[in-house]
Amino acid sequence: MIAACSEDSSVHAHVTSLHDASNGNTRPKPVDLPAIETAVRTILNAVGENPDRQGLLDTPARVARMYAEMFAGLHAQPSRHLAVTFPEVYDELVLVRDIQFTSMCEHHLLPFTGVAHVAYIPKGCVTGLSKLARVVDEVARRPQVQERLTQTVADLIETELGSSGVAVVVEAEHSCMSIRGVKKPGSRTITSALRGVLKTNQASRAEVMSLINRS
Ligand SMILES: [Zn+2]
């Protein structure tokens, strides 16, 4: 059965609200660089540094630009990458493995980095493979927790592409685990989000997991 491909505005509206709800706000403000600079000066003062010493003079502006880059996904609608699809009768698994990403843990504002494996079973429509990587990238560039990152990517693909199954597995090392607190470098956190037949059909689920885990 061929589903209607793409450009269904009601579907897009739904995903937009889903995306926004996941961040707890509806319209992110544009990045206020001077406010970040002021805040960074405040932190430097608070830890006992002198923000006016030579080595730190440009640090507040540099950090402000870095945050603007790391959180650029707050101002983007990742669903737009999936808006253009191509009708295709292929209804077997599509898997893109090892999509590298960097995100920021929202609890410590420290980076976590790793890979995402994204799989879906098309129902009449396929998307460009690079678009899956763009979605991961943009959802990652927000204050995040890995669990929500995984679920948001799965929900976007399921809703935008109308796929009959979606599997997203994310493996990442969190610097808030490796450089502070329990200090366990090398530990990796794995999360998964399964939708449709990749959740309910045991054979399909086993197939996708074995392909993801294949070394
Ligand atoms: Zn953390």
# chains A, B, ... in the order shown; residues from 1 in each chain; ligands from 1

call {"tool": "residues_near_ligand", "arguments": {"ligand": "ligand 1", "cutoff": "6 Å", "atoms": "only C-alpha atoms and all ligand atoms", "output": "VMD selection string"}}
result
chain A and resid 105 107 to 108 176

call {"tool": "select_by_dssp", "arguments": {"residues": "segment 9-215 of chain A", "states": "strand (DSSP E)", "output": "PyMOL selection string"}}
result
chain A and resi 86-87+94-105+110-121+125-126+143-144+165-174+189-196

call {"tool": "closest_residue", "arguments": {"among": "A:Ser175, A:Ser164, A:Gln77, A:Thr127", "to": "Leu109 of chain A", "atoms": "only C-alpha atoms"}}
result
A:Ser175

call {"tool": "residues_around", "arguments": {"residues": "segment 28-41 of chain A", "least_positions_apart": "6", "cutoff": "10 Å", "atoms": "only C-alpha atoms", "output": "ChimeraX atom specification"}}
result
/A:20,49-52,56-69,71-72,74-76
